[in-house]
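As provided, coords_0.pdb (PDB, C-alpha atoms and all ligand atoms) reads as follows.
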```
MODEL        1
ATOM      1  CA  MET A   1       4.480 -28.421 -14.305
ATOM      2  CA  LYS A   2       2.256 -28.392 -11.240
ATOM      3  CA  VAL A   3       1.362 -24.896 -10.072
ATOM      4  CA  LEU A   4       0.161 -24.324  -6.520
ATOM      5  CA  ARG A   5      -1.436 -21.013  -5.647
ATOM      6  CA  ALA A   6      -1.015 -19.414  -2.229
ATOM      7  CA  ARG A   7      -4.346 -19.658  -0.372
ATOM      8  CA  VAL A   8      -4.473 -15.809  -0.232
ATOM      9  CA  LEU A   9      -3.004 -13.713  -3.027
ATOM     10  CA  GLY A  10      -3.630 -10.678  -5.219
ATOM     11  CA  PHE A  11      -5.941  -7.699  -4.745
ATOM     12  CA  CYS A  12      -6.783  -6.756  -1.174
ATOM     13  CA  MET A  13     -10.209  -5.387  -0.330
ATOM     14  CA  GLY A  14      -9.094  -1.734  -0.463
ATOM     15  CA  VAL A  15      -7.408  -1.988  -3.854
ATOM     16  CA  ARG A  16     -10.253  -4.004  -5.390
ATOM     17  CA  ARG A  17     -12.747  -1.438  -4.110
ATOM     18  CA  ALA A  18     -10.700   1.468  -5.534
ATOM     19  CA  MET A  19     -10.370  -0.257  -8.930
ATOM     20  CA  ASP A  20     -14.103  -1.041  -9.021
ATOM     21  CA  MET A  21     -14.978   2.550  -8.162
ATOM     22  CA  ALA A  22     -12.691   3.881 -10.898
ATOM     23  CA  VAL A  23     -14.085   1.502 -13.504
ATOM     24  CA  SER A  24     -17.679   2.369 -12.509
ATOM     25  CA  GLU A  25     -16.942   6.054 -12.978
ATOM     26  CA  ALA A  26     -15.511   5.312 -16.428
ATOM     27  CA  ARG A  27     -18.732   3.460 -17.310
ATOM     28  CA  LEU A  28     -20.828   6.421 -16.173
ATOM     29  CA  LEU A  29     -18.890   8.735 -18.455
ATOM     30  CA  PRO A  30     -18.571   6.844 -21.728
ATOM     31  CA  ASP A  31     -16.815   9.714 -23.455
ATOM     32  CA  ALA A  32     -14.049   9.856 -20.847
ATOM     33  CA  GLY A  33     -10.644  10.170 -22.429
ATOM     34  CA  GLY A  34     -11.933  12.374 -25.222
ATOM     35  CA  PRO A  35     -12.074  16.144 -25.065
ATOM     36  CA  GLY A  36     -13.591  17.394 -21.826
ATOM     37  CA  PRO A  37     -12.849  17.322 -18.161
ATOM     38  CA  GLY A  38     -12.238  13.546 -17.923
ATOM     39  CA  ILE A  39     -11.527  11.164 -15.070
ATOM     40  CA  PHE A  40      -8.321  11.296 -13.065
ATOM     41  CA  THR A  41      -6.797   9.420 -10.183
ATOM     42  CA  ILE A  42      -4.794  11.501  -7.710
ATOM     43  CA  GLY A  43      -1.464   9.770  -8.262
ATOM     44  CA  PRO A  44      -1.317   6.209  -9.637
ATOM     45  CA  LEU A  45      -4.300   4.227  -8.315
ATOM     46  CA  ILE A  46      -2.160   1.164  -7.699
ATOM     47  CA  HIS A  47       1.475   0.161  -8.162
ATOM     48  CA  ASN A  48       0.956  -2.089 -11.124
ATOM     49  CA  PRO A  49       1.808  -0.920 -14.656
ATOM     50  CA  GLN A  50      -0.544  -3.387 -16.383
ATOM     51  CA  ALA A  51      -3.518  -2.345 -14.244
ATOM     52  CA  LEU A  52      -2.704   1.302 -14.958
ATOM     53  CA  GLU A  53      -2.712   0.526 -18.688
ATOM     54  CA  VAL A  54      -6.197  -0.969 -18.321
ATOM     55  CA  LEU A  55      -7.394   2.175 -16.566
ATOM     56  CA  SER A  56      -5.766   4.369 -19.178
ATOM     57  CA  ALA A  57      -7.547   2.428 -21.946
ATOM     58  CA  ARG A  58     -10.810   3.285 -20.192
ATOM     59  CA  GLY A  59      -9.987   6.975 -20.271
ATOM     60  CA  ILE A  60      -8.724   7.284 -16.694
ATOM     61  CA  SER A  61      -5.569   9.396 -16.434
ATOM     62  CA  VAL A  62      -3.177   9.995 -13.561
ATOM     63  CA  LEU A  63      -3.019  13.505 -12.100
ATOM     64  CA  ASP A  64       0.223  14.584 -10.436
ATOM     65  CA  GLU A  65      -0.791  16.150  -7.122
ATOM     66  CA  ASP A  66       2.307  18.377  -7.210
ATOM     67  CA  LYS A  67       1.334  19.839 -10.579
ATOM     68  CA  LEU A  68      -2.397  20.452 -10.296
ATOM     69  CA  PRO A  69      -3.913  22.518 -13.097
ATOM     70  CA  SER A  70      -5.702  25.666 -11.891
ATOM     71  CA  GLY A  71      -9.101  24.581 -13.227
ATOM     72  CA  LEU A  72     -10.609  21.107 -12.915
ATOM     73  CA  GLU A  73     -14.257  22.045 -13.463
ATOM     74  CA  GLY A  74     -16.371  18.973 -14.078
ATOM     75  CA  ALA A  75     -13.475  16.527 -13.760
ATOM     76  CA  VAL A  76     -13.973  13.328 -11.778
ATOM     77  CA  LEU A  77     -11.112  12.962  -9.283
ATOM     78  CA  ILE A  78     -10.592   9.561  -7.709
ATOM     79  CA  VAL A  79      -8.825   9.484  -4.350
ATOM     80  CA  ARG A  80      -6.756   6.302  -4.188
ATOM     81  CA  ALA A  81      -6.846   3.698  -1.434
ATOM     82  CA  HIS A  82      -3.928   5.352   0.449
ATOM     83  CA  GLY A  83      -5.998   8.502   0.936
ATOM     84  CA  ILE A  84      -4.876  12.136   0.745
ATOM     85  CA  THR A  85      -4.554  15.080   3.143
ATOM     86  CA  PRO A  86      -7.645  17.186   3.943
ATOM     87  CA  GLY A  87      -5.679  20.148   2.520
ATOM     88  CA  LEU A  88      -5.278  18.471  -0.867
ATOM     89  CA  GLU A  89      -8.936  17.440  -0.805
ATOM     90  CA  GLU A  90      -9.992  21.041  -0.287
ATOM     91  CA  SER A  91      -7.655  22.275  -2.987
ATOM     92  CA  LEU A  92      -9.123  19.780  -5.491
ATOM     93  CA  ARG A  93     -12.682  20.812  -4.634
ATOM     94  CA  LYS A  94     -11.795  24.486  -5.004
ATOM     95  CA  ARG A  95     -10.556  23.782  -8.515
ATOM     96  CA  GLY A  96     -14.011  22.472  -9.386
ATOM     97  CA  GLY A  97     -13.390  18.706  -9.396
ATOM     98  CA  ARG A  98     -15.889  16.112  -8.178
ATOM     99  CA  LEU A  99     -14.146  13.860  -5.685
ATOM    100  CA  VAL A 100     -14.795  10.122  -5.603
ATOM    101  CA  ASP A 101     -13.320   8.908  -2.346
ATOM    102  CA  ALA A 102     -11.782   5.449  -2.779
ATOM    103  CA  THR A 103      -9.760   5.748   0.443
ATOM    104  CA  CYS A 104      -9.613   2.247   1.942
ATOM    105  CA  PRO A 105     -11.890   2.009   5.007
ATOM    106  CA  HIS A 106      -8.905   0.797   7.101
ATOM    107  CA  VAL A 107      -6.893   3.874   6.120
ATOM    108  CA  ARG A 108      -9.900   6.108   6.739
ATOM    109  CA  SER A 109     -10.138   4.687  10.238
ATOM    110  CA  SER A 110      -6.435   5.557  10.878
ATOM    111  CA  GLN A 111      -7.020   9.086   9.587
ATOM    112  CA  MET A 112      -9.988   9.604  11.908
ATOM    113  CA  LYS A 113      -8.124   8.169  14.905
ATOM    114  CA  ALA A 114      -5.110  10.410  14.250
ATOM    115  CA  LYS A 115      -7.352  13.460  14.005
ATOM    116  CA  GLN A 116      -9.183  12.570  17.216
ATOM    117  CA  LEU A 117      -5.942  11.985  19.155
ATOM    118  CA  ALA A 118      -4.383  15.226  17.929
ATOM    119  CA  GLY A 119      -7.610  17.013  18.818
ATOM    120  CA  SER A 120      -7.321  15.606  22.355
ATOM    121  CA  GLY A 121      -3.782  16.948  22.730
ATOM    122  CA  TYR A 122      -1.734  13.840  21.980
ATOM    123  CA  HIS A 123       1.606  13.949  20.258
ATOM    124  CA  VAL A 124       1.188  11.451  17.421
ATOM    125  CA  PHE A 125       3.958   9.070  16.376
ATOM    126  CA  LEU A 126       3.433   7.418  12.995
ATOM    127  CA  ALA A 127       5.382   4.245  12.210
ATOM    128  CA  GLY A 128       5.907   3.933   8.469
ATOM    129  CA  GLU A 129       7.518   5.296   5.339
ATOM    130  CA  ARG A 130       7.883   9.079   5.486
ATOM    131  CA  ARG A 131       7.132   9.606   1.792
ATOM    132  CA  HIS A 132       4.314   7.109   1.484
ATOM    133  CA  GLY A 133       0.955   8.620   0.475
ATOM    134  CA  GLU A 134      -0.833   6.961   3.387
ATOM    135  CA  ILE A 135       1.514   8.479   5.982
ATOM    136  CA  ILE A 136       1.418  11.917   4.329
ATOM    137  CA  GLY A 137      -2.390  11.767   4.350
ATOM    138  CA  ILE A 138      -2.576  10.811   8.042
ATOM    139  CA  GLN A 139      -0.192  13.632   8.953
ATOM    140  CA  GLY A 140      -2.680  15.985   7.321
ATOM    141  CA  TYR A 141      -5.404  14.674   9.638
ATOM    142  CA  VAL A 142      -3.198  15.295  12.691
ATOM    143  CA  GLU A 143      -2.949  18.936  11.582
ATOM    144  CA  GLN A 144      -6.696  19.085  11.110
ATOM    145  CA  GLY A 145      -7.221  17.637  14.619
ATOM    146  CA  TYR A 146      -5.117  20.399  16.127
ATOM    147  CA  GLY A 147      -6.928  23.004  14.052
ATOM    148  CA  GLU A 148     -10.354  21.870  15.256
ATOM    149  CA  ARG A 149      -9.473  22.437  18.885
ATOM    150  CA  GLY A 150      -8.366  25.939  17.992
ATOM    151  CA  ALA A 151      -4.660  25.235  18.345
ATOM    152  CA  ALA A 152      -2.083  25.914  15.672
ATOM    153  CA  CYS A 153      -0.446  22.619  14.751
ATOM    154  CA  PRO A 154       3.136  22.789  16.045
ATOM    155  CA  ALA A 155       5.784  21.495  13.650
ATOM    156  CA  SER A 156       6.602  18.827  16.237
ATOM    157  CA  SER A 157       3.005  17.575  16.711
ATOM    158  CA  CYS A 158       3.582  14.461  14.639
ATOM    159  CA  THR A 159       6.711  12.355  14.314
ATOM    160  CA  VAL A 160       7.138   9.788  11.563
ATOM    161  CA  VAL A 161       9.512   6.955  12.410
ATOM    162  CA  ALA A 162      10.625   4.412   9.843
ATOM    163  CA  GLY A 163      12.217   1.933  12.248
ATOM    164  CA  VAL A 164      13.184   1.085  15.819
ATOM    165  CA  GLU A 165      16.384   3.156  15.983
ATOM    166  CA  GLU A 166      14.646   6.224  14.596
ATOM    167  CA  ALA A 167      11.802   5.755  17.060
ATOM    168  CA  GLU A 168      14.191   5.533  20.014
ATOM    169  CA  GLU A 169      16.073   8.660  18.945
ATOM    170  CA  ALA A 170      12.945  10.688  18.159
ATOM    171  CA  ALA A 171      11.345   9.774  21.490
ATOM    172  CA  ARG A 172      14.529  10.635  23.391
ATOM    173  CA  LEU A 173      14.747  14.064  21.748
ATOM    174  CA  LEU A 174      11.055  14.778  22.286
ATOM    175  CA  ARG A 175      11.314  13.869  25.962
ATOM    176  CA  GLU A 176      14.381  16.100  26.376
ATOM    177  CA  ARG A 177      12.734  19.069  24.685
ATOM    178  CA  GLN A 178       9.157  18.846  25.917
ATOM    179  CA  GLY A 179       9.187  16.644  29.007
ATOM    180  CA  ASP A 180       6.437  14.093  29.586
ATOM    181  CA  LEU A 181       3.548  14.364  27.113
ATOM    182  CA  PRO A 182       0.493  12.319  26.229
ATOM    183  CA  CYS A 183       1.694  10.344  23.194
ATOM    184  CA  ALA A 184       0.041   7.890  20.830
ATOM    185  CA  LEU A 185       1.449   5.594  18.161
ATOM    186  CA  LEU A 186      -0.283   4.659  14.917
ATOM    187  CA  ALA A 187       1.133   2.533  12.102
ATOM    188  CA  GLN A 188       1.053   2.503   8.348
ATOM    189  CA  THR A 189      -1.476  -0.251   7.653
ATOM    190  CA  THR A 190       1.112  -2.464   5.940
ATOM    191  CA  ILE A 191       3.860  -2.476   8.607
ATOM    192  CA  SER A 192       4.863  -5.846  10.097
ATOM    193  CA  PRO A 193       3.387  -6.506  13.576
ATOM    194  CA  GLU A 194       6.839  -7.498  14.907
ATOM    195  CA  GLU A 195       8.390  -4.217  13.758
ATOM    196  CA  TYR A 196       5.482  -2.249  15.161
ATOM    197  CA  GLU A 197       5.833  -3.888  18.560
ATOM    198  CA  LYS A 198       9.543  -3.050  18.678
ATOM    199  CA  ILE A 199       8.879   0.565  17.680
ATOM    200  CA  GLY A 200       6.247   0.826  20.421
ATOM    201  CA  GLY A 201       8.724  -0.594  22.952
ATOM    202  CA  ALA A 202      11.412   1.928  21.931
ATOM    203  CA  ILE A 203       9.066   4.897  22.397
ATOM    204  CA  ARG A 204       7.779   3.546  25.722
ATOM    205  CA  ASN A 205      11.306   3.772  27.100
ATOM    206  CA  TYR A 206      10.734   7.549  27.151
ATOM    207  CA  PHE A 207       6.932   7.782  27.301
ATOM    208  CA  PRO A 208       5.736   4.842  29.423
ATOM    209  CA  SER A 209       2.070   5.808  29.060
ATOM    210  CA  LEU A 210       2.271   5.694  25.225
ATOM    211  CA  MET A 211      -1.068   4.670  23.697
ATOM    212  CA  ILE A 212      -0.428   2.103  20.940
ATOM    213  CA  VAL A 213      -3.269   1.947  18.433
ATOM    214  CA  ASN A 214      -3.526  -1.161  16.292
ATOM    215  CA  THR A 215      -3.955   0.166  12.752
ATOM    216  CA  ILE A 216      -2.284  -2.762  10.976
ATOM    217  CA  CYS A 217      -4.333  -4.258   8.169
ATOM    218  CA  GLY A 218      -4.546  -8.052   8.097
ATOM    219  CA  ALA A 219      -4.371  -8.187   4.279
ATOM    220  CA  THR A 220      -0.595  -7.923   4.135
ATOM    221  CA  ARG A 221      -0.044 -10.398   6.959
ATOM    222  CA  ASP A 222      -2.501 -12.891   5.399
ATOM    223  CA  ARG A 223      -0.614 -12.854   2.087
ATOM    224  CA  GLN A 224       2.724 -13.237   3.848
ATOM    225  CA  GLU A 225       1.572 -16.139   6.022
ATOM    226  CA  ALA A 226      -0.024 -17.903   3.061
ATOM    227  CA  LEU A 227       3.242 -17.537   1.131
ATOM    228  CA  ARG A 228       5.317 -19.001   3.988
ATOM    229  CA  GLU A 229       3.000 -22.040   4.053
ATOM    230  CA  LEU A 230       3.251 -22.346   0.276
ATOM    231  CA  CYS A 231       7.060 -22.239   0.286
ATOM    232  CA  ALA A 232       7.162 -25.354   2.459
ATOM    233  CA  GLY A 233       5.623 -27.478  -0.305
ATOM    234  CA  VAL A 234       7.107 -26.227  -3.590
ATOM    235  CA  GLU A 235      10.461 -26.234  -5.402
ATOM    236  CA  ALA A 236      10.372 -22.612  -6.572
ATOM    237  CA  VAL A 237       8.090 -19.588  -6.327
ATOM    238  CA  ILE A 238       6.813 -16.935  -8.707
ATOM    239  CA  ILE A 239       5.559 -13.669  -7.215
ATOM    240  CA  ALA A 240       3.302 -11.775  -9.610
ATOM    241  CA  GLY A 241       3.194  -8.011  -9.273
ATOM    242  CA  GLY A 242       4.636  -4.603 -10.018
ATOM    243  CA  ARG A 243       8.316  -3.999  -9.298
ATOM    244  CA  GLU A 244       7.377  -0.664  -7.708
ATOM    245  CA  SER A 245       4.966  -2.292  -5.288
ATOM    246  CA  ALA A 246       6.479  -2.466  -1.801
ATOM    247  CA  ASN A 247       4.206  -5.284  -0.604
ATOM    248  CA  THR A 248       5.049  -7.354  -3.703
ATOM    249  CA  ARG A 249       8.782  -6.924  -3.165
ATOM    250  CA  ARG A 250       8.286  -7.920   0.444
ATOM    251  CA  LEU A 251       6.668 -11.179  -0.694
ATOM    252  CA  LEU A 252       9.694 -11.866  -2.872
ATOM    253  CA  ALA A 253      12.006 -11.358   0.109
ATOM    254  CA  ILE A 254       9.907 -13.701   2.266
ATOM    255  CA  ALA A 255       9.989 -16.429  -0.385
ATOM    256  CA  ARG A 256      13.762 -16.127  -0.771
ATOM    257  CA  ASN A 257      14.261 -16.116   2.990
ATOM    258  CA  SER A 258      12.282 -19.345   3.111
ATOM    259  CA  GLY A 259      15.090 -20.919   1.097
ATOM    260  CA  VAL A 260      13.324 -21.489  -2.229
ATOM    261  CA  PRO A 261      14.396 -19.877  -5.500
ATOM    262  CA  ALA A 262      11.913 -17.055  -6.217
ATOM    263  CA  TRP A 263      11.314 -14.454  -8.910
ATOM    264  CA  LEU A 264       9.129 -11.379  -9.184
ATOM    265  CA  VAL A 265       7.416 -11.099 -12.566
ATOM    266  CA  GLU A 266       5.113  -8.380 -13.861
ATOM    267  CA  THR A 267       3.747 -10.492 -16.718
ATOM    268  CA  GLN A 268       4.216 -13.988 -18.099
ATOM    269  CA  ALA A 269       6.849 -12.599 -20.487
ATOM    270  CA  ASP A 270       9.114 -12.020 -17.460
ATOM    271  CA  LEU A 271       9.111 -15.676 -16.404
ATOM    272  CA  PRO A 272      12.784 -16.722 -16.037
ATOM    273  CA  GLU A 273      14.279 -19.541 -18.103
ATOM    274  CA  GLU A 274      15.196 -21.432 -14.921
ATOM    275  CA  ILE A 275      11.571 -21.840 -13.883
ATOM    276  CA  TRP A 276      11.091 -24.579 -16.479
ATOM    277  CA  ASN A 277      13.520 -26.763 -14.521
ATOM    278  CA  TYR A 278      11.026 -27.245 -11.681
ATOM    279  CA  ALA A 279       8.118 -29.654 -11.470
ATOM    280  CA  VAL A 280       6.182 -27.956  -8.616
ATOM    281  CA  VAL A 281       6.047 -24.173  -8.563
ATOM    282  CA  GLY A 282       4.224 -21.915  -6.103
ATOM    283  CA  LEU A 283       2.401 -18.767  -7.196
ATOM    284  CA  SER A 284       1.660 -15.726  -5.072
ATOM    285  CA  ALA A 285       0.862 -12.113  -5.936
ATOM    286  CA  GLY A 286       1.006  -8.685  -4.320
ATOM    287  CA  ALA A 287      -2.080  -6.848  -3.121
ATOM    288  CA  SER A 288      -2.070  -4.663  -6.241
ATOM    289  CA  THR A 289      -1.837  -7.452  -8.832
ATOM    290  CA  PRO A 290      -4.947  -7.843 -11.002
ATOM    291  CA  ASP A 291      -6.620 -11.275 -11.280
ATOM    292  CA  SER A 292      -6.068 -11.315 -15.059
ATOM    293  CA  ILE A 293      -2.271 -11.092 -14.651
ATOM    294  CA  ILE A 294      -2.261 -13.884 -12.060
ATOM    295  CA  MET A 295      -4.331 -16.089 -14.351
ATOM    296  CA  ASP A 296      -2.120 -15.411 -17.389
ATOM    297  CA  ILE A 297       0.989 -16.356 -15.427
ATOM    298  CA  GLU A 298      -0.643 -19.433 -13.941
ATOM    299  CA  ARG A 299      -1.759 -20.547 -17.394
ATOM    300  CA  ALA A 300       1.712 -20.045 -18.867
ATOM    301  CA  LEU A 301       3.278 -22.108 -16.082
ATOM    302  CA  THR A 302       0.648 -24.831 -16.170
ATOM    303  CA  PHE A 303       0.949 -25.407 -19.896
ATOM    304  CA  SER A 304       4.684 -25.921 -19.846
ATOM    305  CA  PRO A 305       4.970 -29.423 -21.371
ATOM    306  CA  LEU A 306       7.672 -30.919 -19.150
ATOM    307  CA  PRO A 307      10.106 -29.742 -16.514
ATOM    308  CA  GLY A 308      13.140 -28.404 -18.323
ATOM    309  CA  LYS A 309      11.177 -27.352 -21.396
ATOM    310  CA  LYS A 310       9.871 -23.869 -22.062
ATOM    311  CA  PRO A 311       6.391 -23.832 -23.633
ATOM    312  CA  GLU A 312       5.775 -22.246 -27.018
ATOM    313  CA  CYS A 313       3.235 -19.776 -25.701
ATOM    314  CA  VAL A 314       5.568 -17.830 -23.394
TER     315      VAL A 314
HETATM  316  S1  LIG B 401      -3.575  -3.381   2.343
HETATM  317 FE1  LIG B 401      -5.275  -3.187   3.777
HETATM  318  S2  LIG B 401      -5.280  -1.016   4.298
HETATM  319 FE2  LIG B 401      -4.098  -1.181   2.440
HETATM  320  S3  LIG B 401      -5.570  -0.876   0.798
HETATM  321 FE3  LIG B 401      -5.452  -3.072   1.157
HETATM  322  S4  LIG B 401      -7.133  -3.526   2.562
HETATM  323 FE4  LIG B 401      -6.737  -1.330   2.649
ENDMDL
END
```
This entry written out as structure tokens:
Amino acid sequence: MKVLRARVLGFCMGVRRAMDMAVSEARLLPDAGGPGPGIFTIGPLIHNPQALEVLSARGISVLDEDKLPSGLEGAVLIVRAHGITPGLEESLRKRGGRLVDATCPHVRSSQMKAKQLAGSGYHVFLAGERRHGEIIGIQGYVEQGYGERGAACPASSCTVVAGVEEAEEAARLLRERQGDLPCALLAQTTISPEEYEKIGGAIRNYFPSLMIVNTICGATRDRQEALRELCAGVEAVIIAGGRESANTRRLLAIARNSGVPAWLVETQADLPEEIWNYAVVGLSAGASTPDSIIMDIERALTFSPLPGKKPECV
């Protein structure tokens, strides 16, 4: 079987940086995982079970931010690429932990922009998933922005909208209740540019002077475009990545919408029987898929003896 890789796939800069920082901390504390304060990530560092197993083997555990222990003296606490709220950061410091900030620089930039806009009196719209860590973190910075100009943060200072219809309705209600206001729109870094443009248009129907800030990260778009190109030249596609990873699932949907049969696999053991019927298979991977997983899957596909025949090693 011939395997063609997408020209861009796998770890994005922010995830690679967060993984490297976590692994470096584990190296600095060789006894991590044994008795003692240990190393923790605030929530899972990435949405990939195999990568989390690797971290766990190095003594890095996951801390549930909703169930923080009262004392974390001496513990190393790694903030993941999505970032956290300033309130949670303070709470972790108060418990005695040493924070290692692996917030992606793109996300950090969104946080700072949101804080600055809130501090200047803007109502902030956030386009993205309400329960996503990145959006929750940015909301925290809006509150901090209000606080720094000496104003209590009103409950309505920040509106999260998941799609165009929600944006239209939220903007209509805000206009009815509060009249014309200075408003700004920021996006979750992984939103699609087309969706973001439509959301901006819906809000502008009610707030024509809306400031739209481009906070979209190119990493997601690059992987999606590379996959579309790949789909044009292969018979089937394998997407490597965690089933819980939203950007990986999105890649699967793009491949299927391109009209080629496609499967999402977490490891080579998940490769479907049907894949051995194809002679040219494309390979892409989500932004949280480690290189080692991609290579294992590529190797398993490449060493299939003939189309229609499953290799011994898988
Ligand atoms: S997708 Fe972009 S914003 Fe998100 S972690 Fe990766 S590089 Fe950072």
Env. residues ligand LIG 401 (chain B) / 9 Å / all atoms listed in the file / as an MDAnalysis selection string: chainID A and resid 11:18 80:82 103:108 134 188:190 215:220 247 287:288
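Counting only C-alpha atoms, the residue from A:Arg228, A:Arg149, A:Lys113, A:Arg243 that sits nearest to Ile46 (chain A) is A:Arg243.
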Picked residues, the PyMOL selection byres (((chain A and resi 198) around 12) and not hetatm), as a list of chain:residue names: A:Ala127, A:Val161, A:Ala162, A:Gly163, A:Val164, A:Glu165, A:Glu166, A:Ala167, A:Glu168, A:Leu185, A:Ile191, A:Ser192, A:Pro193, A:Glu194, A:Glu195, A:Tyr196, A:Glu197, A:Ile199, A:Gly200, A:Gly201, A:Ala202, A:Ile203, A:Arg204, A:Asn205, A:Ile212
Could you write out as a short mmCIF file (atom, residue, chain, number, x, y, z; two decimals) with C-alpha atoms, keeping the file's coordinate frame the residues that the PyMOL selection byres (((chain A and resi 88-100) around 6) and not hetatm) matches in the shown file?
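This went into part06.cif:
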```cif
data_model
loop_
_atom_site.label_atom_id
_atom_site.label_comp_id
_atom_site.auth_asym_id
_atom_site.auth_seq_id
_atom_site.Cartn_x
_atom_site.Cartn_y
_atom_site.Cartn_z
CA GLY A 71 -9.10 24.58 -13.23
CA LEU A 72 -10.61 21.11 -12.92
CA GLU A 73 -14.26 22.04 -13.46
CA GLY A 74 -16.37 18.97 -14.08
CA ALA A 75 -13.48 16.53 -13.76
CA VAL A 76 -13.97 13.33 -11.78
CA LEU A 77 -11.11 12.96 -9.28
CA ILE A 78 -10.59 9.56 -7.71
CA THR A 85 -4.55 15.08 3.14
CA PRO A 86 -7.64 17.19 3.94
CA GLY A 87 -5.68 20.15 2.52
CA ASP A 101 -13.32 8.91 -2.35
#
```
How far is it from CA of Leu301 (chain A) to CA of Lys2 (chain A), in Å with one decimal? 8.0 Å
Let me have the centre and edge lengths in Å, one decimal, of the box along x, y and z around every listed atom of region 247-253 of chain A with 8 Å of margin on each side, as JSON.
```
{"center_x": 8.1, "center_y": -8.6, "center_z": -1.6, "size_x": 23.8, "size_y": 22.6, "size_z": 20.1}
```
Which distance in Å separates CA of Ala184 (chain A) and CA of Val124 (chain A), to one decimal? 5.1 Å
Please provide the set of residues having any atom within 6 Å of region 52-65 of chain A, restricted to all atoms listed in the file, with same-chain residues fewer than 2 positions apart removed, written as a list in words. Ala32, Gly33, Ile39, Phe40, Thr41, Ile42, Gly43, Pro44, Pro49, Gln50, Lys67 and Leu68 of chain A
Please write the residues picked by the PyMOL selection byres (((chain A and resi 262) around 10) and not hetatm) on this file as a ChimeraX atom specification. /A:231,235-239,251-261,263-265,272,275,281-283
Selected residue of minimal separation from Asp291 (chain A) among A:Thr267, A:Asn277, A:Ser209, A:Gln116, counting all atoms listed in the file: A:Thr267
Between CA of Gly128 (chain A) and CA of Arg172 (chain A), distance in Å (one decimal): 18.5 Å
Find the residues around region 118-123 of chain A up to 10 Å (all atoms listed in the file counted), leave out those fewer than 6 positions away in its own chain, and share them as a list in words. Met112, Tyr141, Val142, Glu143, Gln144, Gly145, Tyr146, Gly147, Glu148, Arg149, Gly150, Ala151, Cys153, Pro154, Ser156, Ser157, Cys158, Thr159, Leu174, Leu181, Pro182, Cys183, Ala184, Leu185, Leu210 and Met211 of chain A
Would you export the selected residues with C-alpha atoms as a CSV table (one decimal), keeping the file's coordinate frame, please?
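again.csv written:
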```csv
chain,number,residue,atom,x,y,z
A,112,MET,CA,-10.0,9.6,11.9
A,141,TYR,CA,-5.4,14.7,9.6
A,142,VAL,CA,-3.2,15.3,12.7
A,143,GLU,CA,-2.9,18.9,11.6
A,144,GLN,CA,-6.7,19.1,11.1
A,145,GLY,CA,-7.2,17.6,14.6
A,146,TYR,CA,-5.1,20.4,16.1
A,147,GLY,CA,-6.9,23.0,14.1
A,148,GLU,CA,-10.4,21.9,15.3
A,149,ARG,CA,-9.5,22.4,18.9
A,150,GLY,CA,-8.4,25.9,18.0
A,151,ALA,CA,-4.7,25.2,18.3
A,153,CYS,CA,-0.4,22.6,14.8
A,154,PRO,CA,3.1,22.8,16.0
A,156,SER,CA,6.6,18.8,16.2
A,157,SER,CA,3.0,17.6,16.7
A,158,CYS,CA,3.6,14.5,14.6
A,159,THR,CA,6.7,12.4,14.3
A,174,LEU,CA,11.1,14.8,22.3
A,181,LEU,CA,3.5,14.4,27.1
A,182,PRO,CA,0.5,12.3,26.2
A,183,CYS,CA,1.7,10.3,23.2
A,184,ALA,CA,0.0,7.9,20.8
A,185,LEU,CA,1.4,5.6,18.2
A,210,LEU,CA,2.3,5.7,25.2
A,211,MET,CA,-1.1,4.7,23.7
```
Of the residues A:Arg221, A:Arg175, A:Arg130, A:Arg299, which is the one nearest to Gln268 (chain A), using all atoms listed in the file? A:Arg299
Taking into account all atoms listed in the file, which residue in the set A:Met1, A:Leu117, A:Leu9, A:Ala232 is nearest to Gly286 (chain A)? A:Leu9
C-alpha atoms of region 267-280 of chain A from block above, as a short mmCIF file (atom, residue, chain, number, x, y, z; two decimals), in the first residue's frame:
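Just written: decode_28.cif:
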```cif
data_model
loop_
_atom_site.label_atom_id
_atom_site.label_comp_id
_atom_site.auth_asym_id
_atom_site.auth_seq_id
_atom_site.Cartn_x
_atom_site.Cartn_y
_atom_site.Cartn_z
CA THR A 267 -3.68 3.60 17.36
CA GLN A 268 -2.74 1.15 14.63
CA ALA A 269 -4.88 -1.49 16.37
CA ASP A 270 -7.97 0.53 15.38
CA LEU A 271 -7.24 0.35 11.65
CA PRO A 272 -10.42 -0.97 9.97
CA GLU A 273 -10.42 -4.19 7.95
CA GLU A 274 -11.62 -2.30 4.86
CA ILE A 275 -8.47 -0.20 4.68
CA TRP A 276 -6.54 -3.14 3.26
CA ASN A 277 -8.70 -2.96 0.13
CA TYR A 278 -7.07 0.30 -0.99
CA ALA A 279 -3.79 0.80 -2.79
CA VAL A 280 -3.29 4.54 -2.02
#
```
